[in-house]
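So this block is my_file-v6.csv, CSV, C-alpha atoms:
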chain,number,residue,atom,x,y,z
F,1,GLN,CA,5.7,-17.4,6.3
F,2,VAL,CA,5.3,-14.0,4.7
F,3,GLN,CA,4.6,-11.2,7.1
F,4,LEU,CA,3.7,-7.6,6.4
F,5,VAL,CA,4.0,-4.9,9.1
F,6,GLU,CA,2.8,-1.4,8.5
F,7,SER,CA,3.9,1.7,10.3
F,8,GLY,CA,3.6,5.4,10.0
F,9,GLY,CA,0.0,6.0,10.5
F,10,GLY,CA,-1.3,8.7,12.9
F,11,SER,CA,-3.5,11.8,13.2
F,12,VAL,CA,-2.9,14.8,11.1
F,13,GLN,CA,-4.8,17.9,10.1
F,14,ALA,CA,-6.2,18.4,6.6
F,15,GLY,CA,-3.5,19.4,4.2
F,16,GLY,CA,-0.8,17.5,6.1
F,17,SER,CA,1.3,14.6,5.1
F,18,LEU,CA,2.1,11.1,6.3
F,19,ARG,CA,4.4,8.4,5.0
F,20,LEU,CA,3.3,4.8,5.5
F,21,SER,CA,5.8,2.0,5.5
F,22,CYS,CA,5.3,-1.7,5.1
F,23,ALA,CA,8.2,-4.1,6.0
F,24,ALA,CA,7.9,-7.4,4.3
F,25,SER,CA,9.6,-10.6,5.5
F,26,GLY,CA,9.4,-14.3,4.6
F,27,TYR,CA,9.9,-14.1,0.9
F,28,GLU,CA,12.8,-16.3,-0.3
F,29,ARG,CA,14.1,-13.5,-2.3
F,30,SER,CA,13.4,-9.7,-2.1
F,31,ILE,CA,10.1,-8.1,-2.9
F,32,TYR,CA,11.5,-7.2,-6.4
F,33,GLY,CA,9.1,-9.6,-8.2
F,34,VAL,CA,6.2,-9.3,-5.9
F,35,CYS,CA,3.0,-7.4,-6.7
F,36,MET,CA,2.4,-5.0,-3.9
F,37,GLY,CA,-0.2,-2.4,-3.0
F,38,TRP,CA,-2.0,-0.3,-0.4
F,39,PHE,CA,-5.7,-0.6,0.5
F,40,ARG,CA,-7.8,1.3,2.9
F,41,GLN,CA,-11.1,0.7,4.7
F,42,ALA,CA,-13.2,3.3,6.5
F,43,PRO,CA,-15.8,2.4,9.1
F,44,GLY,CA,-18.9,1.1,7.4
F,45,GLN,CA,-17.3,1.0,4.0
F,46,GLU,CA,-15.8,-1.7,1.8
F,47,ARG,CA,-12.0,-2.1,1.5
F,48,GLU,CA,-10.8,-0.1,-1.5
F,49,GLY,CA,-7.6,-0.2,-3.5
F,50,VAL,CA,-5.5,2.9,-3.1
F,51,ALA,CA,-2.3,2.2,-5.0
F,52,ALA,CA,-0.3,-0.6,-6.6
F,53,ILE,CA,3.2,-1.1,-8.0
F,54,ASP,CA,4.6,-3.8,-10.2
F,55,THR,CA,8.1,-5.1,-10.8
F,56,ALA,CA,9.0,-2.5,-13.4
F,57,GLY,CA,7.9,0.3,-11.1
F,58,ARG,CA,4.7,1.0,-12.9
F,59,THR,CA,2.1,2.4,-10.6
F,60,ASN,CA,-1.7,2.7,-10.5
F,61,TYR,CA,-3.8,4.9,-8.2
F,62,ALA,CA,-7.4,5.3,-7.2
F,63,ASP,CA,-8.9,8.4,-8.8
F,64,SER,CA,-9.5,9.8,-5.3
F,65,VAL,CA,-5.8,9.9,-4.5
F,66,LYS,CA,-4.1,10.7,-7.8
F,67,GLY,CA,-1.7,13.6,-7.6
F,68,ARG,CA,-1.6,13.4,-3.8
F,69,PHE,CA,-0.3,9.9,-3.0
F,70,THR,CA,2.8,8.2,-4.2
F,71,ILE,CA,3.6,4.5,-3.9
F,72,SER,CA,7.2,3.3,-4.0
F,73,LYS,CA,9.3,0.4,-2.8
F,74,ASP,CA,12.9,-0.3,-1.8
F,75,ASN,CA,13.7,-3.8,-2.9
F,76,ALA,CA,16.9,-3.9,-0.9
F,77,LYS,CA,15.1,-3.1,2.3
F,78,ASN,CA,12.0,-5.2,1.4
F,79,THR,CA,9.9,-2.2,2.2
F,80,LEU,CA,6.9,-0.6,0.5
F,81,TYR,CA,6.0,3.0,1.1
F,82,LEU,CA,3.0,5.3,0.6
F,83,GLN,CA,3.7,9.0,0.7
F,84,MET,CA,0.4,10.8,1.4
F,85,ASN,CA,0.3,14.6,0.8
F,86,SER,CA,-2.6,17.1,0.9
F,87,LEU,CA,-4.5,14.8,3.1
F,88,LYS,CA,-8.3,15.2,3.4
F,89,PRO,CA,-10.7,14.1,6.1
F,90,GLU,CA,-12.1,11.6,3.6
F,91,ASP,CA,-8.7,9.8,3.6
F,92,THR,CA,-9.4,8.7,7.2
F,93,ALA,CA,-9.3,5.0,7.2
F,94,MET,CA,-7.3,1.9,8.3
F,95,TYR,CA,-4.6,1.4,5.7
F,96,TYR,CA,-3.4,-2.0,4.7
F,97,CYS,CA,-0.3,-3.3,2.9
F,98,ALA,CA,-0.9,-6.1,0.5
F,99,ALA,CA,1.4,-8.4,-1.3
F,100,GLY,CA,1.1,-11.2,-3.9
F,101,ARG,CA,2.0,-14.8,-3.4
F,102,ALA,CA,4.2,-15.1,-6.5
F,103,PRO,CA,7.7,-13.8,-5.9
F,104,TRP,CA,9.2,-14.0,-9.4
F,105,TYR,CA,7.6,-11.2,-11.5
F,106,CYS,CA,4.6,-8.8,-11.3
F,107,GLY,CA,3.3,-7.4,-14.5
F,108,SER,CA,0.1,-5.8,-13.2
F,109,THR,CA,-1.0,-2.8,-11.2
F,110,ASP,CA,-4.6,-3.8,-11.0
F,111,LEU,CA,-6.2,-2.7,-7.7
F,112,SER,CA,-8.4,-5.7,-7.2
F,113,SER,CA,-7.9,-7.1,-3.7
F,114,GLY,CA,-8.2,-10.7,-5.0
F,115,ARG,CA,-4.7,-10.5,-6.5
F,116,PHE,CA,-3.1,-10.2,-3.2
F,117,GLY,CA,-2.6,-13.2,-0.9
F,118,PHE,CA,-0.9,-11.6,2.0
F,119,TRP,CA,-2.1,-8.7,4.2
F,120,GLY,CA,-0.8,-6.6,7.0
F,121,GLN,CA,-2.6,-5.8,10.2
F,122,GLY,CA,-3.2,-2.2,9.2
F,123,THR,CA,-2.2,1.2,10.4
F,124,GLN,CA,-4.8,3.9,11.2
F,125,VAL,CA,-4.8,7.3,9.5
F,126,THR,CA,-7.0,10.0,10.8
F,127,VAL,CA,-7.3,13.4,9.1
F,128,SER,CA,-9.1,16.2,10.9
F,129,SER,CA,-10.6,19.2,9.3

The structure given in the file should be rewritten as structure tokens.
Amino acid sequence: QVQLVESGGGSVQAGGSLRLSCAASGYERSIYGVCMGWFRQAPGQEREGVAAIDTAGRTNYADSVKGRFTISKDNAKNTLYLQMNSLKPEDTAMYYCAAGRAPWYCGSTDLSSGRFGFWGQGTQVTVSS
């Protein structure tokens, strides 16, 4: 049973930084071959893709976070990260870690939520002006 547990959310003033972590467990091997990403959902809005990373370390970002957010992963620790800098009030949302079902290889950084079969419970990020 794959589980994803996010941490690192909190309240910060505009211009501040946070680093989210997502600890993955239940894969037979490490997360090396797993498609992984971060999504967010603000109240009254649809869930949107924020960042994704593939096996080769290629990354993709939503236009709204490019240059401010960085996705990375530590395969040995089975942990996905999202470094968020220069935070804005519009970044306020529940942030979710997502992972694909296939553990062997990920060759895509598409931000479509349908690619991901496993989701964490979310961690709240609140940015005040």

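For the residues F:Gly114, F:Gly44, F:Pro103, F:Gly122, ranking by smallest atom-to-atom distance to F:Ala23 using all atoms listed in the file places F:Gly122 first.
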
Using all atoms listed in the file, which of the listed residues (F:Gly49, F:Gly100, F:Gly57, F:Gly117) sits closest to F:Cys35?
F:Gly100

Using atom CA of F:Ser30 and atom CA of F:Asp54 as the two end points, give the distance in Å to one decimal.
13.3 Å

Can you tell me which residues surround F:Ala93 at a distance of at most 6 Å, considering only C-alpha atoms, apart from same-chain residues fewer than 5 positions away, and format the answer as a list in words?
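Selected residues are Arg40, Gln41, Ala42 and Val125 of chain F.
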
Gap from atom CA of F:Trp38 to atom CA of F:Leu82 - Å, one decimal
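The value is 7.6 Å.
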
Taking all atoms listed in the file into account, which of F:Gly15, F:Leu80, F:Gly9, F:Tyr27 comes nearest F:Ala51?
F:Leu80

Name the residues, using the chain letters and numbers of the file, that sit within 7 Å of (-0.3, -7.7, -0.2) when counting all atoms listed in the file, and give them as a list of chain:residue names.
F:Met36, F:Gly37, F:Cys97, F:Ala98, F:Ala99, F:Gly100, F:Phe116, F:Gly117, F:Phe118, F:Trp119

Keeping C-alpha atoms for every residue in the selection just given, could you write it to a file as a tab-separated table (two decimals), in the coordinates of the input?
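out-v5.tsv written:
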chain	number	residue	atom	x	y	z
F	36	MET	CA	2.40	-5.00	-3.90
F	37	GLY	CA	-0.20	-2.40	-3.00
F	97	CYS	CA	-0.30	-3.30	2.90
F	98	ALA	CA	-0.90	-6.10	0.50
F	99	ALA	CA	1.40	-8.40	-1.30
F	100	GLY	CA	1.10	-11.20	-3.90
F	116	PHE	CA	-3.10	-10.20	-3.20
F	117	GLY	CA	-2.60	-13.20	-0.90
F	118	PHE	CA	-0.90	-11.60	2.00
F	119	TRP	CA	-2.10	-8.70	4.20

Given all atoms listed in the file as the counted atoms, nearest of F:Cys106, F:Leu18, F:Val65, F:Met84 to F:Glu48
F:Val65

When you look at F:Ser21 with a cut-off of 7 Å (counting all atoms listed in the file), what residues show up, excluding the ones that are within fewer than 6 positions of it in the same chain? I need them as an NGL selection string.
:F and (6-8 or 79-82)

Filtering to C-alpha atoms, could you give me those residues as an mmCIF file, keeping the file's coordinate frame?
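In the end it all went to selection09.cif:
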data_model
loop_
_atom_site.group_PDB
_atom_site.id
_atom_site.type_symbol
_atom_site.label_atom_id
_atom_site.label_comp_id
_atom_site.auth_asym_id
_atom_site.auth_seq_id
_atom_site.Cartn_x
_atom_site.Cartn_y
_atom_site.Cartn_z
ATOM 1 C CA GLU F 6 2.800 -1.400 8.500
ATOM 2 C CA SER F 7 3.900 1.700 10.300
ATOM 3 C CA GLY F 8 3.600 5.400 10.000
ATOM 4 C CA THR F 79 9.900 -2.200 2.200
ATOM 5 C CA LEU F 80 6.900 -0.600 0.500
ATOM 6 C CA TYR F 81 6.000 3.000 1.100
ATOM 7 C CA LEU F 82 3.000 5.300 0.600
#

F:Ser113, F:Gln83, F:Asn78, F:Ser25 ranked by distance to F:Lys66, top pick (using all atoms listed in the file):
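For F:Lys66, the nearest of the given residues is F:Gln83.
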
Residue nearest F:Gly26 - candidates F:Thr126, F:Gln45, F:Gln3, F:Ser11, atoms counted: all atoms listed in the file:
F:Gln3

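The spacing separating atom CA of F:Asn85 from atom CA of F:Gly10 amounts to 13.6 Å.
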